file query07.tsv (TSV, C-alpha atoms)
chain	number	residue	atom	x	y	z
A	10	MET	CA	175.43	72.02	-32.96
A	11	SER	CA	171.78	70.89	-33.05
A	12	ARG	CA	171.00	73.49	-35.74
A	13	LEU	CA	173.40	71.85	-38.18
A	14	SER	CA	172.57	68.65	-40.01
A	15	THR	CA	174.52	65.51	-39.21
A	16	GLU	CA	176.08	65.74	-42.66
A	17	GLU	CA	177.30	69.28	-41.96
A	18	ILE	CA	178.72	68.31	-38.58
A	19	ALA	CA	180.44	65.24	-40.03
A	20	ASN	CA	182.13	67.32	-42.70
A	21	GLN	CA	183.26	69.93	-40.17
A	22	LEU	CA	184.85	67.18	-38.08
A	23	VAL	CA	187.00	66.13	-41.04
A	24	THR	CA	187.95	69.63	-42.15
A	25	PRO	CA	191.22	69.23	-44.10
A	26	GLY	CA	194.21	69.47	-41.79
A	27	LYS	CA	192.19	68.84	-38.63
A	28	GLY	CA	191.33	65.79	-36.57
A	29	ILE	CA	189.64	64.78	-33.33
A	30	MET	CA	191.17	64.52	-29.86
A	31	ALA	CA	189.87	61.55	-27.86
A	32	ALA	CA	189.80	62.69	-24.23
A	33	ASP	CA	187.09	60.27	-23.09
A	34	ARG	CA	189.05	58.28	-20.54
A	35	PRO	CA	186.75	57.95	-17.47
A	36	SER	CA	188.10	59.29	-14.20
A	37	PRO	CA	188.74	55.83	-12.59
A	38	ALA	CA	190.75	54.73	-15.66
A	39	PHE	CA	192.52	58.09	-15.65
A	40	ARG	CA	193.65	57.58	-12.05
A	41	GLU	CA	194.85	54.07	-12.87
A	42	MET	CA	196.85	55.41	-15.80
A	43	MET	CA	198.48	58.08	-13.64
A	44	GLU	CA	199.45	55.47	-11.06
A	45	ALA	CA	200.90	53.25	-13.80
A	46	GLU	CA	202.98	56.21	-15.00
A	47	GLY	CA	204.16	56.94	-11.46
A	48	ILE	CA	202.34	60.28	-11.33
A	49	SER	CA	200.61	61.25	-8.09
A	50	HIS	CA	196.97	62.31	-8.25
A	51	ASP	CA	194.41	64.06	-6.08
A	52	ARG	CA	190.69	64.80	-6.24
A	53	HIS	CA	191.26	67.68	-8.68
A	54	SER	CA	193.62	65.87	-11.09
A	55	TYR	CA	190.95	64.76	-13.57
A	56	ARG	CA	189.45	68.23	-13.74
A	57	ASN	CA	192.85	69.87	-14.07
A	58	TRP	CA	193.89	67.51	-16.87
A	59	SER	CA	190.60	68.02	-18.72
A	60	GLU	CA	190.98	71.79	-18.38
A	61	LEU	CA	194.57	71.62	-19.66
A	62	LEU	CA	193.40	69.77	-22.77
A	63	PHE	CA	190.21	71.66	-23.55
A	64	LYS	CA	191.64	75.14	-22.98
A	65	ALA	CA	194.97	74.70	-24.76
A	66	PRO	CA	195.56	77.91	-26.77
A	67	ASN	CA	195.13	77.53	-30.56
A	68	LEU	CA	194.23	73.85	-30.30
A	69	ASN	CA	191.41	74.46	-32.80
A	70	GLU	CA	193.99	75.08	-35.53
A	71	SER	CA	194.53	71.29	-35.74
A	72	VAL	CA	191.64	69.84	-33.72
A	73	SER	CA	188.05	69.99	-34.95
A	74	GLY	CA	186.36	68.12	-32.11
A	75	ILE	CA	186.94	66.58	-28.68
A	76	ILE	CA	185.44	63.31	-27.44
A	77	MET	CA	184.40	63.75	-23.80
A	78	THR	CA	182.94	61.62	-21.01
A	79	ASP	CA	179.62	62.32	-19.32
A	80	GLU	CA	181.56	63.68	-16.35
A	81	GLN	CA	183.51	66.08	-18.57
A	82	VAL	CA	180.49	67.49	-20.45
A	83	ARG	CA	179.09	68.48	-17.04
A	84	MET	CA	182.42	69.63	-15.60
A	85	ALA	CA	183.37	73.15	-14.53
A	86	ASP	CA	186.91	74.51	-14.57
A	87	ALA	CA	188.81	75.63	-11.48
A	88	GLY	CA	187.02	78.99	-11.66
A	89	GLY	CA	183.58	77.39	-11.70
A	90	GLU	CA	182.88	77.99	-15.42
A	91	PRO	CA	181.43	75.06	-17.42
A	92	LEU	CA	183.99	73.56	-19.78
A	93	LEU	CA	181.68	72.41	-22.58
A	94	PRO	CA	180.67	75.93	-23.69
A	95	GLN	CA	184.33	76.89	-23.67
A	96	VAL	CA	185.10	74.07	-26.12
A	97	ILE	CA	182.38	75.42	-28.44
A	98	GLU	CA	183.65	79.01	-28.05
A	99	ARG	CA	187.10	77.78	-29.12
A	100	ASP	CA	185.55	76.58	-32.40
A	101	MET	CA	185.72	72.88	-31.60
A	102	ILE	CA	182.80	70.45	-31.64
A	103	PRO	CA	182.19	68.58	-28.38
A	104	GLY	CA	181.51	64.88	-28.66
A	105	ILE	CA	180.32	62.29	-26.16
A	106	SER	CA	181.27	58.71	-25.42
A	107	PRO	CA	177.96	57.40	-23.97
A	108	PHE	CA	179.51	53.94	-23.84
A	109	LYS	CA	179.68	52.40	-20.34
A	110	GLY	CA	182.55	50.02	-20.92
A	111	MET	CA	183.05	46.56	-22.33
A	112	ALA	CA	180.77	43.87	-20.85
A	113	PRO	CA	181.35	40.12	-21.08
A	114	LEU	CA	179.49	38.72	-24.09
A	115	ALA	CA	177.20	36.00	-22.81
A	116	GLY	CA	177.89	32.62	-24.38
A	117	SER	CA	181.39	33.53	-25.53
A	118	ALA	CA	184.81	32.55	-24.23
A	119	GLY	CA	185.98	35.87	-22.88
A	120	GLU	CA	184.84	38.18	-25.70
A	121	THR	CA	183.09	41.48	-25.01
A	122	VAL	CA	180.42	43.86	-26.24
A	123	GLY	CA	179.90	47.55	-25.52
A	124	SER	CA	177.39	48.34	-22.77
A	125	GLY	CA	175.20	51.38	-22.13
A	126	LEU	CA	172.15	51.05	-24.40
A	127	ASP	CA	169.65	51.43	-21.54
A	128	GLY	CA	168.24	54.95	-21.55
A	129	LEU	CA	170.49	55.96	-24.43
A	130	ARG	CA	167.76	57.68	-26.47
A	131	GLU	CA	167.02	60.05	-23.58
A	132	ARG	CA	170.69	60.65	-22.81
A	133	LEU	CA	171.49	61.49	-26.43
A	134	ALA	CA	168.59	63.97	-26.57
A	135	GLU	CA	169.98	65.66	-23.45
A	136	TYR	CA	173.49	65.78	-24.90
A	137	ALA	CA	172.16	67.33	-28.11
A	138	ASP	CA	170.42	70.05	-26.06
A	139	MET	CA	173.74	70.73	-24.31
A	140	GLY	CA	175.46	71.37	-27.66
A	141	VAL	CA	177.14	67.99	-28.20
A	142	GLY	CA	177.60	67.36	-31.92
A	143	PHE	CA	178.75	63.75	-32.17
A	144	SER	CA	178.92	60.44	-30.33
A	145	LYS	CA	181.50	57.66	-30.35
A	146	TRP	CA	180.88	53.97	-29.59
A	147	ARG	CA	183.60	51.32	-29.52
A	148	ALA	CA	183.92	47.62	-30.16
A	149	ALA	CA	187.16	45.91	-29.08
A	150	LEU	CA	187.91	42.79	-31.13
A	151	GLN	CA	190.98	40.74	-30.30
A	152	ILE	CA	192.74	38.56	-32.87
A	153	GLY	CA	193.69	35.17	-31.44
A	154	PRO	CA	192.99	31.46	-31.79
A	155	GLY	CA	189.33	31.42	-32.80
A	156	THR	CA	188.81	35.13	-32.18
A	157	PRO	CA	187.21	37.38	-32.96
A	158	SER	CA	184.30	34.98	-33.36
A	159	TYR	CA	181.50	35.56	-35.86
A	160	TYR	CA	179.17	35.88	-32.86
A	161	ALA	CA	181.23	38.68	-31.26
A	162	ILE	CA	181.59	40.55	-34.56
A	163	GLU	CA	177.82	40.37	-35.22
A	164	ALA	CA	176.87	41.34	-31.64
A	165	ASN	CA	179.14	44.37	-31.66
A	166	ALA	CA	178.07	45.43	-35.15
A	167	TYR	CA	174.42	45.30	-34.08
A	168	VAL	CA	175.03	47.41	-30.96
A	169	MET	CA	177.12	49.98	-32.86
A	170	ALA	CA	174.38	50.27	-35.48
A	171	GLN	CA	171.72	50.76	-32.79
A	172	VAL	CA	173.78	53.54	-31.24
A	173	ALA	CA	174.38	55.14	-34.64
A	174	ALA	CA	170.67	55.15	-35.45
A	175	LEU	CA	169.77	56.63	-32.06
A	176	SER	CA	172.49	59.27	-32.45
A	177	GLN	CA	171.19	60.43	-35.82
A	178	GLU	CA	167.65	60.47	-34.42
A	179	ALA	CA	168.94	63.01	-31.86
A	180	GLY	CA	170.73	65.05	-34.55
A	181	ILE	CA	174.14	63.80	-33.42
A	182	VAL	CA	176.79	62.38	-35.77
A	183	PRO	CA	177.71	58.80	-34.85
A	184	ILE	CA	181.35	57.81	-34.96
A	185	VAL	CA	181.41	54.03	-35.26
A	186	GLU	CA	184.59	52.42	-33.88
A	187	PRO	CA	185.05	48.71	-34.72
A	188	GLU	CA	188.58	48.38	-33.32
A	189	VAL	CA	190.67	45.38	-34.31
A	190	MET	CA	193.20	45.41	-31.53
A	191	LEU	CA	196.97	45.58	-31.99
A	192	TRP	CA	197.90	43.08	-29.28
A	193	GLY	CA	199.00	39.62	-30.38
A	194	ASP	CA	201.47	37.79	-32.59
A	195	HIS	CA	199.33	37.79	-35.74
A	196	SER	CA	200.70	38.82	-39.13
A	197	ILE	CA	199.59	41.93	-40.98
A	198	GLU	CA	197.88	39.64	-43.50
A	199	ARG	CA	195.76	38.12	-40.72
A	200	CYS	CA	194.89	41.62	-39.51
A	201	PHE	CA	193.79	42.50	-43.06
A	202	GLU	CA	191.47	39.48	-43.21
A	203	VAL	CA	189.87	40.20	-39.86
A	204	THR	CA	189.54	43.93	-40.54
A	205	GLU	CA	187.83	43.28	-43.88
A	206	PHE	CA	185.28	40.94	-42.33
A	207	VAL	CA	184.62	43.27	-39.38
A	208	LEU	CA	184.05	46.26	-41.66
A	209	TRP	CA	181.77	44.24	-43.93
A	210	ARG	CA	179.56	43.12	-41.05
A	211	THR	CA	179.58	46.59	-39.45
A	212	PHE	CA	178.39	48.34	-42.60
A	213	GLU	CA	175.78	45.65	-43.24
A	214	ALA	CA	174.40	46.36	-39.76
A	215	LEU	CA	174.46	50.13	-40.35
A	216	TYR	CA	172.50	49.62	-43.58
A	217	VAL	CA	169.91	47.40	-41.89
A	218	HIS	CA	169.49	50.01	-39.13
A	219	ARG	CA	168.90	52.73	-41.77
A	220	VAL	CA	171.88	54.81	-40.70
A	221	ASP	CA	172.61	57.68	-43.11
A	222	PRO	CA	176.21	57.24	-44.33
A	223	GLU	CA	176.60	60.93	-45.24
A	224	GLY	CA	176.07	61.81	-41.57
A	225	THR	CA	178.36	59.10	-40.16
A	226	LEU	CA	182.10	58.84	-39.50
A	227	VAL	CA	184.23	55.76	-38.87
A	228	LYS	CA	186.91	55.53	-36.21
A	229	ALA	CA	189.11	52.77	-37.55
A	230	SER	CA	192.16	50.81	-36.54
A	231	MET	CA	194.97	50.54	-39.08
A	232	VAL	CA	195.98	47.23	-40.63
A	233	LEU	CA	199.07	46.40	-38.59
A	234	SER	CA	201.29	43.50	-37.61
A	235	GLY	CA	200.42	42.25	-34.13
A	236	SER	CA	202.49	43.86	-31.38
A	237	ASP	CA	204.32	40.55	-30.75
A	238	CYS	CA	204.69	39.50	-34.39
A	239	ALA	CA	208.30	38.74	-35.30
A	240	GLU	CA	207.93	40.50	-38.65
A	241	GLN	CA	206.73	44.09	-38.33
A	242	ALA	CA	205.36	45.62	-41.53
A	243	ASP	CA	206.90	48.92	-42.60
A	244	VAL	CA	205.06	52.22	-43.00
A	245	GLU	CA	204.44	51.70	-46.74
A	246	LYS	CA	202.91	48.23	-46.22
A	247	VAL	CA	200.63	49.45	-43.45
A	248	ALA	CA	199.43	52.31	-45.64
A	249	GLU	CA	198.91	50.04	-48.65
A	250	LEU	CA	196.86	47.38	-46.86
A	251	THR	CA	194.85	49.83	-44.77
A	252	VAL	CA	193.78	51.81	-47.84
A	253	LYS	CA	193.07	48.59	-49.72
A	254	VAL	CA	190.75	47.18	-47.07
A	255	PHE	CA	188.94	50.51	-46.66
A	256	LYS	CA	188.35	50.78	-50.40
A	257	ARG	CA	186.87	47.28	-50.35
A	258	ARG	CA	184.53	47.78	-47.42
A	259	ILE	CA	183.88	51.45	-46.50
A	260	PRO	CA	181.36	53.27	-48.72
A	261	ALA	CA	182.53	56.40	-50.50
A	262	ALA	CA	179.45	58.18	-49.08
A	263	ILE	CA	181.11	58.24	-45.63
A	264	PRO	CA	182.64	61.75	-45.31
A	265	GLY	CA	185.68	60.65	-43.37
A	266	ILE	CA	187.62	58.02	-41.46
A	267	VAL	CA	189.48	59.01	-38.31
A	268	PHE	CA	192.08	56.64	-36.93
A	269	LEU	CA	192.64	55.47	-33.39
A	270	SER	CA	196.29	55.15	-32.43
A	271	GLY	CA	195.66	51.82	-30.70
A	272	GLY	CA	198.98	51.47	-28.91
A	273	GLN	CA	201.22	52.69	-31.73
A	274	SER	CA	204.09	55.04	-30.95
A	275	ASP	CA	203.48	58.73	-31.57
A	276	TRP	CA	205.83	58.63	-34.57
A	277	HIS	CA	204.19	55.59	-36.18
A	278	ALA	CA	200.67	56.95	-35.71
A	279	THR	CA	201.69	60.11	-37.55
A	280	ALA	CA	203.84	58.44	-40.22
A	281	HIS	CA	201.18	55.87	-41.14
A	282	LEU	CA	198.48	58.54	-41.47
A	283	ASN	CA	200.76	60.71	-43.59
A	284	ALA	CA	201.72	57.85	-45.94
A	285	MET	CA	198.07	57.14	-46.74
A	286	ASN	CA	197.25	60.77	-47.49
A	287	ALA	CA	200.46	61.45	-49.41
A	288	ASN	CA	200.43	58.39	-51.66
A	289	TYR	CA	196.85	57.41	-52.43
A	290	GLU	CA	193.74	58.81	-54.11
A	291	LEU	CA	191.01	58.50	-51.51
A	292	PRO	CA	187.21	58.79	-51.72
A	293	TRP	CA	186.92	59.97	-48.11
A	294	LYS	CA	189.01	62.21	-45.87
A	295	LEU	CA	191.49	60.35	-43.65
A	296	SER	CA	192.38	62.00	-40.37
A	297	PHE	CA	192.97	61.17	-36.70
A	298	SER	CA	191.04	60.62	-33.50
A	299	TYR	CA	193.98	59.97	-31.22
A	300	ALA	CA	194.15	59.71	-27.46
A	301	ARG	CA	197.57	58.43	-26.42
A	302	ALA	CA	199.32	59.55	-29.62
A	303	LEU	CA	198.30	63.13	-28.78
A	304	GLN	CA	198.42	63.03	-24.98
A	305	ARG	CA	201.25	60.68	-23.99
A	306	GLU	CA	203.96	63.35	-24.14
A	307	PRO	CA	201.81	66.15	-22.62
A	308	MET	CA	200.91	63.87	-19.70
A	309	ALA	CA	204.58	63.16	-19.00
A	310	VAL	CA	205.43	66.87	-19.16
A	311	TRP	CA	202.49	67.87	-16.94
A	312	ALA	CA	203.07	65.26	-14.20
A	313	ASN	CA	200.15	66.80	-12.23
A	314	GLN	CA	202.09	70.01	-11.54
A	315	ALA	CA	200.33	73.35	-12.18
A	316	GLU	CA	203.56	75.07	-13.20
A	317	ASN	CA	203.98	72.55	-16.03
A	318	VAL	CA	200.62	73.32	-17.72
A	319	PRO	CA	202.01	75.72	-20.39
A	320	ALA	CA	204.76	73.28	-21.39
A	321	ALA	CA	202.30	70.39	-21.48
A	322	GLN	CA	199.91	72.41	-23.66
A	323	ALA	CA	202.81	73.26	-25.98
A	324	ALA	CA	203.57	69.52	-26.29
A	325	LEU	CA	199.90	68.86	-27.08
A	326	LEU	CA	199.84	71.57	-29.75
A	327	HIS	CA	202.98	70.12	-31.33
A	328	ARG	CA	201.50	66.63	-31.65
A	329	ALA	CA	198.19	68.00	-32.91
A	330	LYS	CA	200.00	70.09	-35.52
A	331	MET	CA	202.11	67.16	-36.71
A	332	ASN	CA	199.02	65.00	-37.13
A	333	GLY	CA	197.17	67.84	-38.82
A	334	LEU	CA	199.97	67.94	-41.38
A	335	ALA	CA	199.78	64.16	-41.74
A	336	ALA	CA	196.05	64.48	-42.47
A	337	LEU	CA	197.10	66.58	-45.48
A	338	GLY	CA	199.97	64.27	-46.46
A	339	LEU	CA	202.45	67.05	-45.69
A	340	TRP	CA	204.25	65.70	-42.61
A	341	THR	CA	207.95	64.84	-42.80
A	342	ASP	CA	210.60	63.75	-40.33
A	343	GLU	CA	212.39	67.02	-41.07
A	344	LEU	CA	209.35	69.05	-40.04
A	345	GLU	CA	209.01	66.95	-36.89
A	346	ARG	CA	212.63	67.57	-35.87
A	347	ALA	CA	212.50	71.26	-36.80
A	348	ALA	CA	209.37	71.79	-34.71
A	349	VAL	CA	210.98	70.11	-31.71
A	350	ALA	CA	214.18	72.13	-32.14
call {"tool": "encode", "arguments": {"input": "query07.tsv", "output": "structure tokens"}}
result
Amino acid sequence: MSRLSTEEIANQLVTPGKGIMAADRPSPAFREMMEAEGISHDRHSYRNWSELLFKAPNLNESVSGIIMTDEQVRMADAGGEPLLPQVIERDMIPGISPFKGMAPLAGSAGETVGSGLDGLRERLAEYADMGVGFSKWRAALQIGPGTPSYYAIEANAYVMAQVAALSQEAGIVPIVEPEVMLWGDHSIERCFEVTEFVLWRTFEALYVHRVDPEGTLVKASMVLSGSDCAEQADVEKVAELTVKVFKRRIPAAIPGIVFLSGGQSDWHATAHLNAMNANYELPWKLSFSYARALQREPMAVWANQAENVPAAQAALLHRAKMNGLAALGLWTDELERAAVA
């Protein structure tokens, strides 16, 4: 990966019909998720799940890259073979989440900022030498009474821009993720307002930090009604307002925008992505960088049982294929049902 320019890597990541799988859930959070789902776990569960995902046959037909944790980029499979080179051999670009979690933002009332800047230059150089092609750094901004505050938006934009600049210095494509979270009772119009402001401040910070837009991707949340809002916007409205806010605030020089699923159902994550690609002229490629919307069903099928691995991988391939079609604007309910049948 280090022999390619950041612009070349960015464009490979948004190859038409392909998207990114976000597998960067740290092992403690992974164990908590399994417990919440009522699935037993052991000391090999995280490795076995990572191996299931990274070695799924033909995954590269719909997945261009995989976001990994530090533990995963150093992980070996059950046979003792490193997993990262196997991802590369399967024609997928490994990515890293060097982020160390959300830290309380000093001076705020419960807002957060991403942590992990200490030693990041050296860590990114090491990741580049290992063959990692991109990084991903997240902000988590909650809509509520008085939030997100201007202070929290600016603090997170600054940190994301620092990470992006350091990533490009190492020859790694930064994926900047200013997530406006789904949770709350806010209207879709309020989400639009917040998303526009967040994107404006994020791209101002990227400009100030001299980040090259042609070698940068955005991992964005869609413009959605809050999860507890009484009036839920339909697929067409979500597509309309999401495209509108992106056209206002995301430069056309950015090669692509990849969506997080952010708590949406699998169906909605796919349908929203498809509606944007099918119905609008876009200056950038729109694709996916899903975690739960790709892995929820495979996790349930797997249930930490070795005999279920092939069926779980088949479920993963199905979701990846459906979202690959949505990235082309070619997904339909009929195709979804036919594939399941």
call {"tool": "closest_atom_pairs", "arguments": {"input": "query07.tsv", "of": "region 71-105 of chain A", "to": "region 296-314 of chain A", "cutoff": "10 Å", "atoms": "all atoms listed in the file", "output": "tab-separated table"}}
result
residue	atom	partner	partner_atom	distance
A:Val72	CA	A:Ser298	CA	9.2
A:Ser73	CA	A:Ser298	CA	9.9
A:Gly74	CA	A:Ser298	CA	8.9
A:Ile75	CA	A:Ser298	CA	8.7
A:Ile76	CA	A:Ser298	CA	8.7
call {"tool": "closest_atom_pairs", "arguments": {"input": "query07.tsv", "of": "region 257-321 of chain A", "to": "region 217-237 of chain A", "cutoff": "9 Å", "atoms": "all atoms listed in the file", "output": "tab-separated table"}}
result
residue	atom	partner	partner_atom	distance
A:Ile259	CA	A:Val227	CA	8.8
A:Pro260	CA	A:Pro222	CA	7.8
A:Ala261	CA	A:Pro222	CA	8.9
A:Ala262	CA	A:Glu223	CA	5.5
A:Ile263	CA	A:Pro222	CA	5.2
A:Pro264	CA	A:Glu223	CA	6.1
A:Gly265	CA	A:Leu226	CA	5.6
A:Ile266	CA	A:Val227	CA	4.8
A:Val267	CA	A:Lys228	CA	4.8
A:Phe268	CA	A:Ala229	CA	4.9
A:Leu269	CA	A:Ser230	CA	5.6
A:Ser270	CA	A:Ser230	CA	7.3
A:Gly271	CA	A:Ser230	CA	6.9
A:Gly272	CA	A:Ser236	CA	8.7
A:Gln273	CA	A:Ser236	CA	8.9
A:His281	CA	A:Met231	CA	8.4
A:Phe297	CA	A:Lys228	CA	8.3
A:Ser298	CA	A:Lys228	CA	7.1
call {"tool": "closest_residue", "arguments": {"input": "query07.tsv", "among": "A:Tyr136, A:Tyr289, A:Tyr55, A:Phe108", "to": "Pro37 (chain A)", "atoms": "all atoms listed in the file"}}
result
A:Tyr55
call {"tool": "residues_around", "arguments": {"input": "query07.tsv", "residues": "region 93-96 of chain A", "least_positions_apart": "4", "cutoff": "9 Å", "atoms": "only C-alpha atoms", "output": "ChimeraX atom specification"}}
result
/A:63-64,74-75,81-85,100-103,139-141
call {"tool": "closest_residue", "arguments": {"input": "query07.tsv", "among": "A:Glu202, A:Asp51, A:Glu240, A:Asp33", "to": "Lys253 (chain A)", "atoms": "all atoms listed in the file"}}
result
A:Glu202
call {"tool": "closest_residue", "arguments": {"input": "query07.tsv", "among": "A:Val23, A:Ala87, A:Ile105, A:Ala166", "to": "Thr121 (chain A)", "atoms": "all atoms listed in the file"}}
result
A:Ala166
call {"tool": "residues_around", "arguments": {"input": "query07.tsv", "residues": "Ser71 (chain A)", "least_positions_apart": "6", "cutoff": "12 Å", "atoms": "all atoms listed in the file", "output": "ChimeraX atom specification"}}
result
/A:22-30,65,99-101,296-298,303,325-337
call {"tool": "residues_around", "arguments": {"input": "query07.tsv", "residues": "Ala315 (chain A)", "least_positions_apart": "2", "cutoff": "12 Å", "atoms": "all atoms listed in the file", "output": "PDB file with C-alpha atoms, in the frame of the given file"}}
result
ATOM      1  CA  HIS A  53     191.260  67.680  -8.680  1.00  0.00           C
ATOM      2  CA  SER A  54     193.620  65.870 -11.090  1.00  0.00           C
ATOM      3  CA  ASN A  57     192.850  69.870 -14.070  1.00  0.00           C
ATOM      4  CA  TRP A  58     193.890  67.510 -16.870  1.00  0.00           C
ATOM      5  CA  GLU A  60     190.980  71.790 -18.380  1.00  0.00           C
ATOM      6  CA  LEU A  61     194.570  71.620 -19.660  1.00  0.00           C
ATOM      7  CA  ALA A  87     188.810  75.630 -11.480  1.00  0.00           C
ATOM      8  CA  VAL A 310     205.430  66.870 -19.160  1.00  0.00           C
ATOM      9  CA  TRP A 311     202.490  67.870 -16.940  1.00  0.00           C
ATOM     10  CA  ALA A 312     203.070  65.260 -14.200  1.00  0.00           C
ATOM     11  CA  ASN A 313     200.150  66.800 -12.230  1.00  0.00           C
ATOM     12  CA  ASN A 317     203.980  72.550 -16.030  1.00  0.00           C
ATOM     13  CA  VAL A 318     200.620  73.320 -17.720  1.00  0.00           C
ATOM     14  CA  PRO A 319     202.010  75.720 -20.390  1.00  0.00           C
ATOM     15  CA  ALA A 320     204.760  73.280 -21.390  1.00  0.00           C
ATOM     16  CA  ALA A 321     202.300  70.390 -21.480  1.00  0.00           C
ATOM     17  CA  GLN A 322     199.910  72.410 -23.660  1.00  0.00           C
TER      18      GLN A 322
END
call {"tool": "atom_distance", "arguments": {"input": "query07.tsv", "atom1": "CA of Ser117 (chain A)", "atom2": "CA of Ile152 (chain A)"}}
result
14.4 Å
call {"tool": "atom_distance", "arguments": {"input": "query07.tsv", "atom1": "CA of Thr15 (chain A)", "atom2": "CA of Val182 (chain A)"}}
result
5.2 Å
call {"tool": "closest_residue", "arguments": {"input": "query07.tsv", "among": "A:Leu175, A:Val203, A:Ala214, A:Ala118", "to": "Glu131 (chain A)", "atoms": "all atoms listed in the file"}}
result
A:Leu175
call {"tool": "atom_distance", "arguments": {"input": "query07.tsv", "atom1": "CA of Glu98 (chain A)", "atom2": "CA of Ala38 (chain A)"}}
result
28.2 Å
call {"tool": "closest_residue", "arguments": {"input": "query07.tsv", "among": "A:Pro66, A:Leu13, A:Ala323, A:Ala170", "to": "Glu213 (chain A)", "atoms": "all atoms listed in the file"}}
result
A:Ala170
call {"tool": "residues_around", "arguments": {"input": "query07.tsv", "residues": "Tyr167 (chain A)", "least_positions_apart": "3", "cutoff": "10 Å", "atoms": "all atoms listed in the file", "output": "JSON, numbers by chain"}}
result
{"A": [122, 161, 162, 163, 164, 170, 171, 172, 173, 210, 211, 212, 213, 214, 215, 217, 218]}
call {"tool": "write_last_selection", "arguments": {"input": "query07.tsv", "atoms": "C-alpha atoms", "output": "mmCIF file, keeping the file's coordinate frame"}}
result
data_model
loop_
_atom_site.group_PDB
_atom_site.id
_atom_site.type_symbol
_atom_site.label_atom_id
_atom_site.label_comp_id
_atom_site.auth_asym_id
_atom_site.auth_seq_id
_atom_site.Cartn_x
_atom_site.Cartn_y
_atom_site.Cartn_z
ATOM 1 C CA VAL A 122 180.420 43.860 -26.240
ATOM 2 C CA ALA A 161 181.230 38.680 -31.260
ATOM 3 C CA ILE A 162 181.590 40.550 -34.560
ATOM 4 C CA GLU A 163 177.820 40.370 -35.220
ATOM 5 C CA ALA A 164 176.870 41.340 -31.640
ATOM 6 C CA ALA A 170 174.380 50.270 -35.480
ATOM 7 C CA GLN A 171 171.720 50.760 -32.790
ATOM 8 C CA VAL A 172 173.780 53.540 -31.240
ATOM 9 C CA ALA A 173 174.380 55.140 -34.640
ATOM 10 C CA ARG A 210 179.560 43.120 -41.050
ATOM 11 C CA THR A 211 179.580 46.590 -39.450
ATOM 12 C CA PHE A 212 178.390 48.340 -42.600
ATOM 13 C CA GLU A 213 175.780 45.650 -43.240
ATOM 14 C CA ALA A 214 174.400 46.360 -39.760
ATOM 15 C CA LEU A 215 174.460 50.130 -40.350
ATOM 16 C CA VAL A 217 169.910 47.400 -41.890
ATOM 17 C CA HIS A 218 169.490 50.010 -39.130
#
call {"tool": "closest_residue", "arguments": {"input": "query07.tsv", "among": "A:Val189, A:Met169, A:Cys238, A:Ala179", "to": "Ala149 (chain A)", "atoms": "only C-alpha atoms"}}
result
A:Val189
call {"tool": "decode", "arguments": {"input": "query07.tsv", "residues": "region 122-133 of chain A", "atoms": "N, CA and C atoms", "output": "PDB file, in the first residue's frame"}}
result
ATOM      1  N   VAL A 122     -14.419  13.867  23.081  1.00  0.00           N
ATOM      2  CA  VAL A 122     -13.502  14.070  21.966  1.00  0.00           C
ATOM      3  C   VAL A 122     -12.681  12.793  21.813  1.00  0.00           C
ATOM      4  N   GLY A 123     -12.283  12.477  20.582  1.00  0.00           N
ATOM      5  CA  GLY A 123     -11.493  11.278  20.363  1.00  0.00           C
ATOM      6  C   GLY A 123     -10.124  11.387  20.989  1.00  0.00           C
ATOM      7  N   SER A 124      -9.637  10.285  21.568  1.00  0.00           N
ATOM      8  CA  SER A 124      -8.324  10.279  22.216  1.00  0.00           C
ATOM      9  C   SER A 124      -7.371   9.358  21.461  1.00  0.00           C
ATOM     10  N   GLY A 125      -6.068   9.587  21.644  1.00  0.00           N
ATOM     11  CA  GLY A 125      -5.068   8.723  21.016  1.00  0.00           C
ATOM     12  C   GLY A 125      -4.051   9.453  20.171  1.00  0.00           C
ATOM     13  N   LEU A 126      -3.928  10.775  20.336  1.00  0.00           N
ATOM     14  CA  LEU A 126      -2.962  11.541  19.545  1.00  0.00           C
ATOM     15  C   LEU A 126      -1.518  11.288  19.970  1.00  0.00           C
ATOM     16  N   ASP A 127      -1.294  10.962  21.248  1.00  0.00           N
ATOM     17  CA  ASP A 127       0.071  10.760  21.724  1.00  0.00           C
ATOM     18  C   ASP A 127       0.739   9.615  20.964  1.00  0.00           C
ATOM     19  N   GLY A 128       1.903   9.909  20.389  1.00  0.00           N
ATOM     20  CA  GLY A 128       2.657   8.887  19.677  1.00  0.00           C
ATOM     21  C   GLY A 128       2.067   8.469  18.352  1.00  0.00           C
ATOM     22  N   LEU A 129       1.080   9.231  17.868  1.00  0.00           N
ATOM     23  CA  LEU A 129       0.365   8.798  16.664  1.00  0.00           C
ATOM     24  C   LEU A 129       1.256   8.829  15.426  1.00  0.00           C
ATOM     25  N   ARG A 130       2.125   9.828  15.307  1.00  0.00           N
ATOM     26  CA  ARG A 130       3.003   9.892  14.132  1.00  0.00           C
ATOM     27  C   ARG A 130       3.812   8.596  14.000  1.00  0.00           C
ATOM     28  N   GLU A 131       4.375   8.139  15.093  1.00  0.00           N
ATOM     29  CA  GLU A 131       5.203   6.926  15.067  1.00  0.00           C
ATOM     30  C   GLU A 131       4.355   5.684  14.796  1.00  0.00           C
ATOM     31  N   ARG A 132       3.162   5.645  15.377  1.00  0.00           N
ATOM     32  CA  ARG A 132       2.295   4.486  15.147  1.00  0.00           C
ATOM     33  C   ARG A 132       1.845   4.412  13.694  1.00  0.00           C
ATOM     34  N   LEU A 133       1.512   5.551  13.111  1.00  0.00           N
ATOM     35  CA  LEU A 133       1.080   5.547  11.709  1.00  0.00           C
ATOM     36  C   LEU A 133       2.213   5.121  10.777  1.00  0.00           C
TER      37      LEU A 133
END
